[in-house]
Amino acid sequence: MAMTTSLADLAIILVEPSQMQAHLVSRMLEHQGVKKITVVDTAGAALAALATESSNVIVISSLYLPDLAGTELVAAMRENPDFETVPFILVSSETRPQVLEPVRQSGACSIVAKPFDEQQLSRALYAAADYLNPPEDIDVAEIENLRVLVVDDSLASRRHLHRLLTELGIERITEAVNGKEAVALLEQAMVDLVITDYNMPEMDGRELTEYIRTQPPSATSPSKQAAFAG
């Protein structure tokens with residue numbers, strides 16, 4: 001995949017109520033070559049700032065904000081058609097899975113754990129920048145003929161992946177909410193690629209991948225290609 005958006009082209013909305021932390025992260029971003037940084041201290045201000053940006057925007061947010069939690073901010077973004085594809089990076093010292101899971105399930109997200117260094121922030125930025133770039137070095141005809149199964153218990157994540165695949169020209173997309181449902185679908189039809197989440201009820205991504213790879217090749221069996229989406 002060619003990198004067509006440099007960090008210098010990004011518009012960063014930094015949502016951080018602590019002036020000291022905002023200054024620290026802003027310095028890190030500047031060292032990475034980011035030129036446009038908008039600092040706000042509430043989720044409401046972040047949503048307002050998003051409305052003024054047109055492209056290459058990424059939101060970096062603290063978890064605890066005066067008006068909404070960072071998890072609620074990304075949920076509000078995903079519910080708005082204008083912001084639902086904007087990459088979101090959460091910066092937090094929180095480690096409890098039940099708190100972080102809504103962010104992981106929201107699609108196009110990264111979590112940077114405090115304390116973090118510039119290299120860790122850089123990796124999250126490049127991952128977000130990659131998401132903003134459509135692939136250029138692909139065989140369009142071959143891609144359009146792919147049959148893809150997307151497996152994820154998060155509706156937001158499935159919508160996110162469905163949108164990405166559609167933008168690539170893929171139209172034959174089937175969805176399942178967990179590995180068990182995916183197996184039932186795979187027993188009925190053949191697919192070329194399975195994109196699956198890892199943590200799911202009923203049957204997780206690891207179990208689904210093992211099932212796919214143990215199936216004998218036949219005209220009705222699924223392809224043995226599987227990719228983890230999260």
# chains A, B, ... in the order shown; residues from 1 in each chain; ligands from 1

call {"tool": "residues_around", "arguments": {"residues": "Ala113 in chain A", "least_positions_apart": "4", "cutoff": "12 Å", "atoms": "only C-alpha atoms", "output": "list of chain:residue names"}}
result
A:Ser61, A:Ser62, A:Leu63, A:Ile89, A:Leu90, A:Val91, A:Ser92, A:Ser93, A:Glu94, A:Thr95, A:Arg96, A:Leu100, A:Asp117, A:Glu118, A:Gln120, A:Leu121, A:Ala124

call {"tool": "write_last_selection", "arguments": {"atoms": "N, CA and C atoms", "output": "tab-separated table (two decimals), in the first residue's frame"}}
result
chain	number	residue	atom	x	y	z
A	61	SER	N	-7.87	11.54	22.03
A	61	SER	CA	-8.64	11.97	23.19
A	61	SER	C	-8.22	11.26	24.46
A	62	SER	N	-8.29	12.00	25.56
A	62	SER	CA	-8.16	11.42	26.88
A	62	SER	C	-9.46	10.67	27.20
A	63	LEU	N	-9.41	9.76	28.15
A	63	LEU	CA	-10.61	8.99	28.51
A	63	LEU	C	-11.58	9.83	29.34
A	89	ILE	N	-7.96	7.90	18.43
A	89	ILE	CA	-6.90	7.37	19.27
A	89	ILE	C	-7.20	7.76	20.71
A	90	LEU	N	-7.35	6.77	21.57
A	90	LEU	CA	-7.59	7.03	22.98
A	90	LEU	C	-6.27	6.97	23.73
A	91	VAL	N	-6.03	7.98	24.57
A	91	VAL	CA	-4.85	8.03	25.43
A	91	VAL	C	-5.32	7.88	26.86
A	92	SER	N	-4.91	6.80	27.53
A	92	SER	CA	-5.45	6.55	28.86
A	92	SER	C	-4.56	5.61	29.65
A	93	SER	N	-4.59	5.76	30.97
A	93	SER	CA	-3.90	4.83	31.86
A	93	SER	C	-4.84	3.71	32.31
A	94	GLU	N	-6.09	3.77	31.86
A	94	GLU	CA	-7.08	2.75	32.22
A	94	GLU	C	-6.71	1.40	31.60
A	95	THR	N	-6.86	0.34	32.37
A	95	THR	CA	-6.53	-1.00	31.87
A	95	THR	C	-7.71	-1.97	31.96
A	96	ARG	N	-8.79	-1.57	32.61
A	96	ARG	CA	-9.92	-2.49	32.78
A	96	ARG	C	-10.61	-2.77	31.44
A	100	LEU	N	-12.47	-0.26	28.42
A	100	LEU	CA	-11.85	-0.03	27.11
A	100	LEU	C	-12.56	-0.73	25.96
A	117	ASP	N	5.59	6.96	25.15
A	117	ASP	CA	6.64	7.79	24.59
A	117	ASP	C	6.27	8.20	23.17
A	118	GLU	N	7.13	8.97	22.55
A	118	GLU	CA	6.84	9.50	21.23
A	118	GLU	C	6.74	8.40	20.18
A	120	GLN	N	5.59	5.33	20.62
A	120	GLN	CA	4.29	4.67	20.73
A	120	GLN	C	3.19	5.52	20.11
A	121	LEU	N	3.25	6.82	20.33
A	121	LEU	CA	2.27	7.72	19.72
A	121	LEU	C	2.43	7.72	18.21
A	124	ALA	N	0.71	4.77	16.55
A	124	ALA	CA	-0.73	4.97	16.47
A	124	ALA	C	-1.09	5.95	15.36

call {"tool": "residues_around", "arguments": {"residues": "Ala182 in chain A", "least_positions_apart": "5", "cutoff": "8 Å", "atoms": "only C-alpha atoms", "output": "JSON, numbers by chain"}}
result
{"A": [149, 151, 175, 176, 177, 208]}

call {"tool": "atom_distance", "arguments": {"atom1": "CA of Asp152 in chain A", "atom2": "CA of Asp197 in chain A"}}
result
5.1 Å

call {"tool": "residues_around", "arguments": {"residues": "Val59 in chain A", "least_positions_apart": "6", "cutoff": "12 Å", "atoms": "only C-alpha atoms", "output": "MDAnalysis selection string"}}
result
chainID A and resid 10:16 37:40 43 45:47 49:50 53 70 73:74 77 83:91 108:111 124:125 128:129

call {"tool": "select_by_dssp", "arguments": {"residues": "range 35-131 of chain A", "states": "strand (DSSP E or B)", "output": "PyMOL selection string"}}
result
chain A and resi 36-40+57-62+64+69+88-92+109-113

call {"tool": "closest_residue", "arguments": {"among": "A:Val112, A:Leu132, A:Ala22, A:Met203", "to": "Lys180 in chain A", "atoms": "only C-alpha atoms"}}
result
A:Met203

call {"tool": "atom_distance", "arguments": {"atom1": "CA of Asp67 in chain A", "atom2": "CA of Pro115 in chain A"}}
result
23.6 Å

call {"tool": "select_by_dssp", "arguments": {"residues": "range 41-192 of chain A", "states": "alpha helix (DSSP H)", "output": "PyMOL selection string"}}
result
chain A and resi 43-50+70-79+97-104+118-131+140-144+155-167+179-186

call {"tool": "atom_distance", "arguments": {"atom1": "CA of Thr214 in chain A", "atom2": "CA of Pro201 in chain A"}}
result
21.0 Å

call {"tool": "residues_around", "arguments": {"residues": "Arg147 in chain A", "least_positions_apart": "3", "cutoff": "7 Å", "atoms": "only C-alpha atoms", "output": "ChimeraX atom specification"}}
result
/A:172-173,191-193

call {"tool": "closest_residue", "arguments": {"among": "A:Ala48, A:Asn178, A:Glu142, A:Val34", "to": "Arg206 in chain A", "atoms": "only C-alpha atoms"}}
result
A:Asn178

call {"tool": "residues_around", "arguments": {"residues": "Ser122 in chain A", "least_positions_apart": "5", "cutoff": "9 Å", "atoms": "only C-alpha atoms", "output": "list in words"}}
result
Met28, Leu29, Gln32, Asp117 and Ala127 of chain A

call {"tool": "closest_residue", "arguments": {"among": "A:Glu144, A:Glu210, A:Glu79, A:Asp130", "to": "Leu7 in chain A", "atoms": "only C-alpha atoms"}}
result
A:Asp130

call {"tool": "decode", "arguments": {"residues": "range 183-205 of chain A", "atoms": "N, CA and C atoms", "output": "compact mmCIF listing (two decimals), in the first residue's frame"}}
result
# COMPACT_ATOMS: atom_id res chain seq x y z
N VAL A 183 -19.54 -20.14 10.99
CA VAL A 183 -19.41 -21.55 10.58
C VAL A 183 -20.66 -22.00 9.84
N ALA A 184 -21.83 -21.62 10.34
CA ALA A 184 -23.08 -21.99 9.68
C ALA A 184 -23.14 -21.42 8.26
N LEU A 185 -22.67 -20.18 8.10
CA LEU A 185 -22.66 -19.55 6.78
C LEU A 185 -21.65 -20.23 5.86
N LEU A 186 -20.49 -20.58 6.41
CA LEU A 186 -19.44 -21.21 5.61
C LEU A 186 -19.83 -22.62 5.16
N GLU A 187 -20.72 -23.26 5.88
CA GLU A 187 -21.18 -24.59 5.49
C GLU A 187 -22.17 -24.52 4.32
N GLN A 188 -22.67 -23.31 4.06
CA GLN A 188 -23.65 -23.14 2.99
C GLN A 188 -23.05 -22.54 1.72
N ALA A 189 -21.98 -21.77 1.87
CA ALA A 189 -21.41 -21.07 0.71
C ALA A 189 -19.91 -20.90 0.86
N MET A 190 -19.23 -20.81 -0.27
CA MET A 190 -17.79 -20.64 -0.28
C MET A 190 -17.43 -19.16 -0.29
N VAL A 191 -16.38 -18.79 0.44
CA VAL A 191 -15.88 -17.43 0.42
C VAL A 191 -14.38 -17.46 0.14
N ASP A 192 -13.84 -16.32 -0.28
CA ASP A 192 -12.41 -16.24 -0.57
C ASP A 192 -11.61 -15.71 0.61
N LEU A 193 -12.27 -14.93 1.47
CA LEU A 193 -11.56 -14.29 2.57
C LEU A 193 -12.49 -14.12 3.76
N VAL A 194 -11.99 -14.44 4.94
CA VAL A 194 -12.72 -14.19 6.18
C VAL A 194 -11.96 -13.16 7.00
N ILE A 195 -12.62 -12.09 7.38
CA ILE A 195 -12.04 -11.08 8.26
C ILE A 195 -12.78 -11.18 9.58
N THR A 196 -12.06 -11.53 10.64
CA THR A 196 -12.74 -11.80 11.90
C THR A 196 -12.13 -11.05 13.07
N ASP A 197 -13.00 -10.67 13.99
CA ASP A 197 -12.57 -10.15 15.27
C ASP A 197 -12.00 -11.31 16.09
N TYR A 198 -11.25 -10.99 17.13
CA TYR A 198 -10.68 -12.05 17.97
C TYR A 198 -11.61 -12.39 19.13
N ASN A 199 -12.01 -11.38 19.89
CA ASN A 199 -12.85 -11.61 21.07
C ASN A 199 -14.33 -11.53 20.71
N MET A 200 -14.99 -12.71 20.72
CA MET A 200 -16.42 -12.78 20.41
C MET A 200 -17.07 -13.86 21.26
N PRO A 201 -18.38 -13.74 21.52
CA PRO A 201 -19.08 -14.80 22.26
C PRO A 201 -19.31 -16.01 21.36
N GLU A 202 -19.76 -17.10 21.96
CA GLU A 202 -20.09 -18.34 21.25
C GLU A 202 -18.85 -19.04 20.69
N MET A 203 -18.14 -18.39 19.76
CA MET A 203 -16.90 -18.91 19.19
C MET A 203 -16.04 -17.73 18.81
N ASP A 204 -14.81 -17.64 19.36
CA ASP A 204 -13.97 -16.48 19.10
C ASP A 204 -13.20 -16.62 17.79
N GLY A 205 -12.42 -15.59 17.46
CA GLY A 205 -11.70 -15.57 16.20
C GLY A 205 -10.67 -16.68 16.06
